[in-house]
Amino acid sequence: MPTQSFKEKVFRVVRGIRRGGVLTYQEVARRAGNPRAARAVGAVLRTNFNPAIPCHRVVRSNGALGGYNRGVGRKRFLLARERLSEL
DNA sequence: CATTTGACGCCAA
DNA sequence: TTTGGCGCCAAAT
């Protein structure tokens with residue numbers, strides 16, 4: 001029985017994504033224990049405004065960025081910035 | 001407890 | 001390549 005809600009597991013997974021790296025919603029769902037809950041992952045991340053949880057590093061499996069609760073432009077910016085600093 | 005809501009994913013057309 | 005439709009699921013209402 002789940003001592004942690006799905007929400008908590010998602011945050012734990014996303015908190016572990018390192019700078020310059022990205023995960024798909026699907027992969028986050030898998031790591032959180034429910035491979036078919038990709039959509040629900042979005043619903044959870046949508047409520048996150050904690051900077052310690054880098055939810056901008058979660059993208060769609062088709063290569064598109066996906067959404068962001070502070071504007072997609074913001075998400076693009078953060079990712080571009082991290083990609084550059086990786087080089 | 002029943003419904004609605006979408007930061008998703010897959011596939012046929 | 002792009003679109004529409006549908007299945008899926010946790011959260012919110």
# chains A, B, ... in the order shown; residues from 1 in each chain; ligands from 1

$ closest_atom_pairs --of "chain C" --to "chain A" --cutoff "12 Å" --atoms "only C-alpha atoms (C1' of nucleotides)" --output "CSV"
residue,atom,partner,partner_atom,distance
C:DG7,C1',A:Arg36,CA,9.9
C:DC8,C1',A:Arg36,CA,6.4
C:DC9,C1',A:Ala37,CA,5.3
C:DA10,C1',A:Ala40,CA,5.2
C:DA11,C1',A:Ala43,CA,7.1
C:DA12,C1',A:Ala43,CA,9.9

$ interface_residues --of "chain A" --to "chain B" --cutoff "12 Å" --atoms "only C-alpha atoms (C1' of nucleotides)" --output "ChimeraX atom specification"
/A:24-29,35-48,55-72,75

$ closest_residue --among "A:Val10, A:Ala52, A:Val22, A:Ile17" --to "Leu79 of chain A" --atoms "only C-alpha atoms"
A:Val22

$ select_by_dssp --residues "chain A" --states "alpha helix (DSSP H)" --output "compact mmCIF listing (two decimals) with all heavy atoms, in the first residue's frame"
# COMPACT_ATOMS: atom_id res chain seq x y z
N PHE A 6 1.05 9.20 -5.39
CA PHE A 6 1.65 9.26 -6.72
C PHE A 6 2.34 10.61 -6.90
O PHE A 6 3.45 10.70 -7.42
CB PHE A 6 0.55 9.08 -7.78
CG PHE A 6 1.05 9.14 -9.18
CD1 PHE A 6 1.75 8.08 -9.73
CD2 PHE A 6 0.80 10.25 -9.97
CE1 PHE A 6 2.22 8.13 -11.04
CE2 PHE A 6 1.26 10.31 -11.28
CZ PHE A 6 1.96 9.24 -11.81
N LYS A 7 1.69 11.63 -6.42
CA LYS A 7 2.21 12.99 -6.51
C LYS A 7 3.60 13.11 -5.90
O LYS A 7 4.52 13.65 -6.51
CB LYS A 7 1.25 13.94 -5.77
CG LYS A 7 1.61 15.41 -5.96
CD LYS A 7 0.91 16.32 -4.97
CE LYS A 7 -0.56 16.47 -5.18
NZ LYS A 7 -1.16 17.55 -4.38
N GLU A 8 3.77 12.55 -4.71
CA GLU A 8 5.07 12.62 -4.04
C GLU A 8 6.14 11.88 -4.82
O GLU A 8 7.28 12.33 -4.90
CB GLU A 8 4.94 12.05 -2.63
CG GLU A 8 3.98 12.83 -1.76
CD GLU A 8 3.69 12.13 -0.43
OE1 GLU A 8 3.26 10.96 -0.44
OE2 GLU A 8 3.90 12.76 0.61
N LYS A 9 5.77 10.74 -5.38
CA LYS A 9 6.74 9.96 -6.15
C LYS A 9 7.19 10.75 -7.37
O LYS A 9 8.37 10.77 -7.71
CB LYS A 9 6.13 8.64 -6.59
CG LYS A 9 5.83 7.67 -5.46
CD LYS A 9 5.27 6.39 -6.04
CE LYS A 9 4.58 5.53 -5.00
NZ LYS A 9 3.77 4.48 -5.65
N VAL A 10 6.24 11.40 -8.02
CA VAL A 10 6.56 12.20 -9.20
C VAL A 10 7.55 13.30 -8.82
O VAL A 10 8.55 13.49 -9.50
CB VAL A 10 5.28 12.83 -9.80
CG1 VAL A 10 5.65 13.90 -10.83
CG2 VAL A 10 4.43 11.75 -10.44
N PHE A 11 7.28 14.01 -7.74
CA PHE A 11 8.18 15.06 -7.31
C PHE A 11 9.56 14.51 -7.00
O PHE A 11 10.58 15.11 -7.34
CB PHE A 11 7.63 15.80 -6.08
CG PHE A 11 6.46 16.70 -6.38
CD1 PHE A 11 5.41 16.82 -5.50
CD2 PHE A 11 6.44 17.43 -7.56
CE1 PHE A 11 4.34 17.66 -5.77
CE2 PHE A 11 5.37 18.28 -7.85
CZ PHE A 11 4.32 18.39 -6.95
N ARG A 12 9.60 13.35 -6.40
CA ARG A 12 10.89 12.74 -6.04
C ARG A 12 11.69 12.45 -7.31
O ARG A 12 12.87 12.76 -7.39
CB ARG A 12 10.67 11.45 -5.25
CG ARG A 12 11.94 10.81 -4.76
CD ARG A 12 11.67 9.72 -3.70
NE ARG A 12 10.71 8.72 -4.12
CZ ARG A 12 10.95 7.79 -5.05
NH1 ARG A 12 12.12 7.76 -5.64
NH2 ARG A 12 10.02 6.92 -5.39
N VAL A 13 11.02 11.88 -8.30
CA VAL A 13 11.69 11.56 -9.57
C VAL A 13 12.20 12.82 -10.26
O VAL A 13 13.35 12.90 -10.66
CB VAL A 13 10.72 10.82 -10.53
CG1 VAL A 13 11.35 10.71 -11.91
CG2 VAL A 13 10.39 9.45 -9.98
N VAL A 14 11.33 13.82 -10.36
CA VAL A 14 11.68 15.04 -11.08
C VAL A 14 12.80 15.80 -10.36
O VAL A 14 13.66 16.40 -11.00
CB VAL A 14 10.45 15.95 -11.25
CG1 VAL A 14 10.84 17.28 -11.87
CG2 VAL A 14 9.41 15.24 -12.12
N ARG A 15 12.77 15.75 -9.06
CA ARG A 15 13.81 16.44 -8.28
C ARG A 15 15.18 15.85 -8.61
O ARG A 15 16.19 16.53 -8.51
CB ARG A 15 13.52 16.32 -6.78
CG ARG A 15 14.38 17.18 -5.91
CD ARG A 15 13.67 17.52 -4.59
NE ARG A 15 13.11 16.35 -3.91
CZ ARG A 15 13.84 15.49 -3.19
NH1 ARG A 15 15.14 15.66 -3.08
NH2 ARG A 15 13.25 14.49 -2.59
N TYR A 25 7.42 12.70 -20.01
CA TYR A 25 6.34 12.50 -19.04
C TYR A 25 6.16 11.00 -18.85
O TYR A 25 5.93 10.53 -17.74
CB TYR A 25 5.03 13.11 -19.55
CG TYR A 25 5.06 14.62 -19.58
CD1 TYR A 25 5.43 15.30 -20.75
CD2 TYR A 25 4.74 15.36 -18.45
CE1 TYR A 25 5.46 16.69 -20.77
CE2 TYR A 25 4.77 16.74 -18.46
CZ TYR A 25 5.13 17.41 -19.63
OH TYR A 25 5.18 18.79 -19.65
N GLN A 26 6.28 10.27 -19.94
CA GLN A 26 6.10 8.82 -19.91
C GLN A 26 7.14 8.16 -19.00
O GLN A 26 6.80 7.32 -18.17
CB GLN A 26 6.25 8.28 -21.33
CG GLN A 26 5.80 6.87 -21.51
CD GLN A 26 5.82 6.46 -22.97
OE1 GLN A 26 6.84 6.65 -23.65
NE2 GLN A 26 4.72 5.95 -23.47
N GLU A 27 8.39 8.58 -19.15
CA GLU A 27 9.47 8.01 -18.35
C GLU A 27 9.29 8.34 -16.88
O GLU A 27 9.55 7.51 -16.01
CB GLU A 27 10.81 8.53 -18.88
CG GLU A 27 12.02 7.95 -18.16
CD GLU A 27 12.11 6.43 -18.24
OE1 GLU A 27 11.57 5.83 -19.19
OE2 GLU A 27 12.72 5.84 -17.32
N VAL A 28 8.86 9.55 -16.60
CA VAL A 28 8.62 9.94 -15.21
C VAL A 28 7.54 9.04 -14.63
O VAL A 28 7.65 8.55 -13.51
CB VAL A 28 8.19 11.41 -15.09
CG1 VAL A 28 7.76 11.74 -13.67
CG2 VAL A 28 9.32 12.32 -15.52
N ALA A 29 6.50 8.80 -15.44
CA ALA A 29 5.39 7.95 -14.99
C ALA A 29 5.92 6.56 -14.66
O ALA A 29 5.59 5.99 -13.62
CB ALA A 29 4.33 7.87 -16.08
N ARG A 30 6.76 6.03 -15.56
CA ARG A 30 7.35 4.70 -15.34
C ARG A 30 8.11 4.68 -14.01
O ARG A 30 7.88 3.80 -13.18
CB ARG A 30 8.33 4.38 -16.45
CG ARG A 30 7.90 3.25 -17.35
CD ARG A 30 9.01 2.81 -18.29
NE ARG A 30 9.16 3.72 -19.43
CZ ARG A 30 8.40 3.64 -20.52
NH1 ARG A 30 7.46 2.73 -20.61
NH2 ARG A 30 8.58 4.48 -21.52
N ARG A 31 8.99 5.64 -13.83
CA ARG A 31 9.81 5.68 -12.61
C ARG A 31 8.98 5.92 -11.36
O ARG A 31 9.41 5.63 -10.25
CB ARG A 31 10.89 6.76 -12.73
CG ARG A 31 11.85 6.49 -13.88
CD ARG A 31 13.04 7.43 -13.82
NE ARG A 31 13.87 7.30 -15.02
CZ ARG A 31 15.07 7.86 -15.14
NH1 ARG A 31 15.55 8.59 -14.17
NH2 ARG A 31 15.77 7.70 -16.24
N ALA A 38 1.24 8.87 -17.77
CA ALA A 38 1.96 10.03 -18.30
C ALA A 38 1.12 11.31 -18.20
O ALA A 38 1.63 12.37 -17.82
CB ALA A 38 2.34 9.78 -19.75
N ARG A 39 -0.14 11.17 -18.51
CA ARG A 39 -1.03 12.33 -18.48
C ARG A 39 -1.21 12.86 -17.07
O ARG A 39 -1.26 14.07 -16.84
CB ARG A 39 -2.38 11.95 -19.08
CG ARG A 39 -3.23 13.12 -19.41
CD ARG A 39 -4.42 12.71 -20.25
NE ARG A 39 -5.10 13.89 -20.73
CZ ARG A 39 -6.11 13.84 -21.58
NH1 ARG A 39 -6.52 12.70 -22.05
NH2 ARG A 39 -6.67 14.95 -21.97
N ALA A 40 -1.28 11.96 -16.13
CA ALA A 40 -1.46 12.34 -14.73
C ALA A 40 -0.21 13.05 -14.22
O ALA A 40 -0.29 13.91 -13.34
CB ALA A 40 -1.76 11.11 -13.88
N VAL A 41 0.95 12.70 -14.79
CA VAL A 41 2.19 13.36 -14.39
C VAL A 41 2.08 14.85 -14.69
O VAL A 41 2.45 15.69 -13.88
CB VAL A 41 3.41 12.77 -15.14
CG1 VAL A 41 4.63 13.64 -14.95
CG2 VAL A 41 3.69 11.36 -14.67
N GLY A 42 1.54 15.15 -15.86
CA GLY A 42 1.34 16.54 -16.23
C GLY A 42 0.44 17.26 -15.24
O GLY A 42 0.70 18.39 -14.86
N ALA A 43 -0.61 16.56 -14.82
CA ALA A 43 -1.57 17.15 -13.89
C ALA A 43 -0.89 17.49 -12.57
O ALA A 43 -1.21 18.49 -11.92
CB ALA A 43 -2.72 16.18 -13.66
N VAL A 44 0.06 16.65 -12.17
CA VAL A 44 0.78 16.87 -10.92
C VAL A 44 1.76 18.04 -11.07
O VAL A 44 1.76 18.96 -10.25
CB VAL A 44 1.57 15.61 -10.50
CG1 VAL A 44 2.53 15.93 -9.37
CG2 VAL A 44 0.62 14.51 -10.08
N LEU A 45 2.59 17.99 -12.13
CA LEU A 45 3.60 19.03 -12.33
C LEU A 45 2.97 20.41 -12.49
O LEU A 45 3.56 21.43 -12.15
CB LEU A 45 4.46 18.70 -13.54
CG LEU A 45 5.30 17.43 -13.38
CD1 LEU A 45 6.23 17.28 -14.57
CD2 LEU A 45 6.09 17.49 -12.09
N VAL A 72 5.32 28.64 -21.67
CA VAL A 72 6.21 27.77 -22.44
C VAL A 72 7.51 28.49 -22.81
O VAL A 72 8.57 27.89 -22.90
CB VAL A 72 5.52 27.28 -23.72
CG1 VAL A 72 6.41 26.31 -24.46
CG2 VAL A 72 4.20 26.63 -23.37
N GLY A 73 7.40 29.81 -23.00
CA GLY A 73 8.59 30.60 -23.36
C GLY A 73 9.64 30.47 -22.25
O GLY A 73 10.82 30.32 -22.52
N ARG A 74 9.17 30.50 -21.04
CA ARG A 74 10.03 30.37 -19.86
C ARG A 74 10.73 29.01 -19.87
O ARG A 74 11.92 28.89 -19.61
CB ARG A 74 9.17 30.54 -18.61
CG ARG A 74 9.85 30.27 -17.30
CD ARG A 74 10.77 31.39 -16.90
NE ARG A 74 11.43 31.11 -15.63
CZ ARG A 74 12.47 31.79 -15.17
NH1 ARG A 74 12.95 32.79 -15.87
NH2 ARG A 74 13.00 31.48 -14.01
N LYS A 75 9.97 27.99 -20.21
CA LYS A 75 10.50 26.63 -20.26
C LYS A 75 11.59 26.53 -21.33
O LYS A 75 12.66 25.98 -21.09
CB LYS A 75 9.37 25.64 -20.57
CG LYS A 75 9.75 24.16 -20.51
CD LYS A 75 8.51 23.28 -20.59
CE LYS A 75 8.84 21.82 -20.41
NZ LYS A 75 7.63 20.96 -20.36
N ARG A 76 11.30 27.09 -22.49
CA ARG A 76 12.30 27.09 -23.58
C ARG A 76 13.58 27.74 -23.14
O ARG A 76 14.68 27.23 -23.35
CB ARG A 76 11.75 27.86 -24.79
CG ARG A 76 11.39 26.98 -25.98
CD ARG A 76 11.34 27.79 -27.27
NE ARG A 76 10.47 28.95 -27.21
CZ ARG A 76 9.16 28.89 -27.34
NH1 ARG A 76 8.56 27.74 -27.55
NH2 ARG A 76 8.44 30.00 -27.28
N PHE A 77 13.43 28.88 -22.49
CA PHE A 77 14.59 29.64 -22.03
C PHE A 77 15.45 28.84 -21.06
O PHE A 77 16.66 28.71 -21.23
CB PHE A 77 14.12 30.93 -21.36
CG PHE A 77 15.23 31.70 -20.71
CD1 PHE A 77 16.14 32.43 -21.48
CD2 PHE A 77 15.38 31.68 -19.33
CE1 PHE A 77 17.18 33.12 -20.88
CE2 PHE A 77 16.42 32.38 -18.71
CZ PHE A 77 17.32 33.10 -19.50
N LEU A 78 14.82 28.28 -20.06
CA LEU A 78 15.55 27.51 -19.03
C LEU A 78 16.30 26.33 -19.65
O LEU A 78 17.46 26.09 -19.34
CB LEU A 78 14.57 27.00 -17.97
CG LEU A 78 13.95 28.09 -17.09
CD1 LEU A 78 12.84 27.49 -16.25
CD2 LEU A 78 15.02 28.72 -16.21
N LEU A 79 15.64 25.61 -20.55
CA LEU A 79 16.26 24.44 -21.18
C LEU A 79 17.43 24.85 -22.07
O LEU A 79 18.49 24.23 -22.04
CB LEU A 79 15.23 23.66 -22.00
CG LEU A 79 14.23 22.87 -21.16
CD1 LEU A 79 13.16 22.26 -22.05
CD2 LEU A 79 14.96 21.78 -20.39
N ALA A 80 17.23 25.91 -22.84
CA ALA A 80 18.29 26.39 -23.73
C ALA A 80 19.51 26.76 -22.89
O ALA A 80 20.65 26.39 -23.20
CB ALA A 80 17.81 27.59 -24.52
N ARG A 81 19.26 27.46 -21.81
CA ARG A 81 20.32 27.92 -20.90
C ARG A 81 21.10 26.72 -20.35
O ARG A 81 22.32 26.72 -20.31
CB ARG A 81 19.65 28.70 -19.77
CG ARG A 81 20.60 29.39 -18.87
CD ARG A 81 20.89 30.82 -19.32
NE ARG A 81 22.09 31.33 -18.69
CZ ARG A 81 23.30 31.25 -19.25
NH1 ARG A 81 23.44 30.73 -20.46
NH2 ARG A 81 24.36 31.73 -18.64
N GLU A 82 20.39 25.68 -19.95
CA GLU A 82 21.04 24.50 -19.38
C GLU A 82 21.79 23.70 -20.44
O GLU A 82 22.83 23.11 -20.17
CB GLU A 82 20.01 23.61 -18.68
CG GLU A 82 19.38 24.29 -17.48
CD GLU A 82 18.44 23.39 -16.70
OE1 GLU A 82 18.21 22.25 -17.15
OE2 GLU A 82 17.95 23.84 -15.66
N ARG A 83 21.26 23.71 -21.66
CA ARG A 83 21.93 22.98 -22.74
C ARG A 83 23.27 23.63 -23.02
O ARG A 83 24.27 22.96 -23.21
CB ARG A 83 21.07 22.98 -24.02
CG ARG A 83 20.31 21.67 -24.20
CD ARG A 83 19.57 21.61 -25.54
NE ARG A 83 18.44 22.51 -25.61
CZ ARG A 83 18.35 23.55 -26.45
NH1 ARG A 83 19.36 23.81 -27.28
NH2 ARG A 83 17.28 24.30 -26.48
N LEU A 84 23.27 24.94 -23.04
CA LEU A 84 24.49 25.66 -23.33
C LEU A 84 25.54 25.43 -22.26
O LEU A 84 26.70 25.14 -22.57
CB LEU A 84 24.21 27.17 -23.42
CG LEU A 84 23.46 27.59 -24.69
CD1 LEU A 84 23.25 29.10 -24.67
CD2 LEU A 84 24.27 27.17 -25.91
N SER A 85 25.16 25.52 -21.00
CA SER A 85 26.12 25.37 -19.92
C SER A 85 26.66 23.95 -19.82
O SER A 85 27.61 23.69 -19.09
CB SER A 85 25.50 25.79 -18.59
OG SER A 85 24.49 24.88 -18.21
N GLU A 86 26.04 23.03 -20.53
CA GLU A 86 26.53 21.64 -20.53
C GLU A 86 27.77 21.49 -21.39
O GLU A 86 28.60 20.64 -21.16
CB GLU A 86 25.44 20.70 -21.08
CG GLU A 86 24.51 20.17 -20.00
CD GLU A 86 25.25 19.33 -18.96
OE1 GLU A 86 25.82 18.30 -19.34
OE2 GLU A 86 25.25 19.71 -17.79

$ atom_distance --atom1 "atom CA of Leu87 of chain A" --atom2 "atom CA of Gly21 of chain A"
12.4 Å

$ decode --residues "segment 7-18 of chain A" --atoms "N, CA, C and O atoms" --output "PDB file, in the first residue's frame"
ATOM      1  N   LYS A   7       1.691  11.630  -6.415  1.00  0.00           N
ATOM      2  CA  LYS A   7       2.208  12.994  -6.505  1.00  0.00           C
ATOM      3  C   LYS A   7       3.603  13.110  -5.900  1.00  0.00           C
ATOM      4  O   LYS A   7       4.517  13.653  -6.511  1.00  0.00           O
ATOM      5  N   GLU A   8       3.766  12.552  -4.714  1.00  0.00           N
ATOM      6  CA  GLU A   8       5.068  12.619  -4.036  1.00  0.00           C
ATOM      7  C   GLU A   8       6.142  11.881  -4.815  1.00  0.00           C
ATOM      8  O   GLU A   8       7.282  12.335  -4.904  1.00  0.00           O
ATOM      9  N   LYS A   9       5.770  10.739  -5.379  1.00  0.00           N
ATOM     10  CA  LYS A   9       6.744   9.962  -6.151  1.00  0.00           C
ATOM     11  C   LYS A   9       7.191  10.745  -7.369  1.00  0.00           C
ATOM     12  O   LYS A   9       8.369  10.767  -7.709  1.00  0.00           O
ATOM     13  N   VAL A  10       6.236  11.402  -8.019  1.00  0.00           N
ATOM     14  CA  VAL A  10       6.557  12.203  -9.198  1.00  0.00           C
ATOM     15  C   VAL A  10       7.547  13.303  -8.820  1.00  0.00           C
ATOM     16  O   VAL A  10       8.552  13.494  -9.497  1.00  0.00           O
ATOM     17  N   PHE A  11       7.281  14.006  -7.742  1.00  0.00           N
ATOM     18  CA  PHE A  11       8.185  15.065  -7.312  1.00  0.00           C
ATOM     19  C   PHE A  11       9.563  14.514  -7.003  1.00  0.00           C
ATOM     20  O   PHE A  11      10.581  15.112  -7.340  1.00  0.00           O
ATOM     21  N   ARG A  12       9.605  13.350  -6.397  1.00  0.00           N
ATOM     22  CA  ARG A  12      10.893  12.741  -6.042  1.00  0.00           C
ATOM     23  C   ARG A  12      11.691  12.455  -7.312  1.00  0.00           C
ATOM     24  O   ARG A  12      12.874  12.762  -7.391  1.00  0.00           O
ATOM     25  N   VAL A  13      11.020  11.878  -8.301  1.00  0.00           N
ATOM     26  CA  VAL A  13      11.689  11.560  -9.570  1.00  0.00           C
ATOM     27  C   VAL A  13      12.196  12.822 -10.260  1.00  0.00           C
ATOM     28  O   VAL A  13      13.355  12.900 -10.665  1.00  0.00           O
ATOM     29  N   VAL A  14      11.331  13.817 -10.364  1.00  0.00           N
ATOM     30  CA  VAL A  14      11.683  15.036 -11.078  1.00  0.00           C
ATOM     31  C   VAL A  14      12.798  15.803 -10.362  1.00  0.00           C
ATOM     32  O   VAL A  14      13.661  16.396 -11.001  1.00  0.00           O
ATOM     33  N   ARG A  15      12.770  15.749  -9.056  1.00  0.00           N
ATOM     34  CA  ARG A  15      13.812  16.436  -8.280  1.00  0.00           C
ATOM     35  C   ARG A  15      15.177  15.855  -8.613  1.00  0.00           C
ATOM     36  O   ARG A  15      16.193  16.529  -8.512  1.00  0.00           O
ATOM     37  N   GLY A  16      15.188  14.587  -9.041  1.00  0.00           N
ATOM     38  CA  GLY A  16      16.448  13.912  -9.351  1.00  0.00           C
ATOM     39  C   GLY A  16      16.990  14.141 -10.760  1.00  0.00           C
ATOM     40  O   GLY A  16      18.064  13.660 -11.087  1.00  0.00           O
ATOM     41  N   ILE A  17      16.260  14.845 -11.598  1.00  0.00           N
ATOM     42  CA  ILE A  17      16.752  15.110 -12.957  1.00  0.00           C
ATOM     43  C   ILE A  17      17.878  16.125 -12.899  1.00  0.00           C
ATOM     44  O   ILE A  17      17.693  17.223 -12.374  1.00  0.00           O
ATOM     45  N   ARG A  18      19.022  15.726 -13.434  1.00  0.00           N
ATOM     46  CA  ARG A  18      20.178  16.607 -13.317  1.00  0.00           C
ATOM     47  C   ARG A  18      20.208  17.681 -14.396  1.00  0.00           C
ATOM     48  O   ARG A  18      19.629  17.542 -15.456  1.00  0.00           O
TER      49      ARG A  18
END
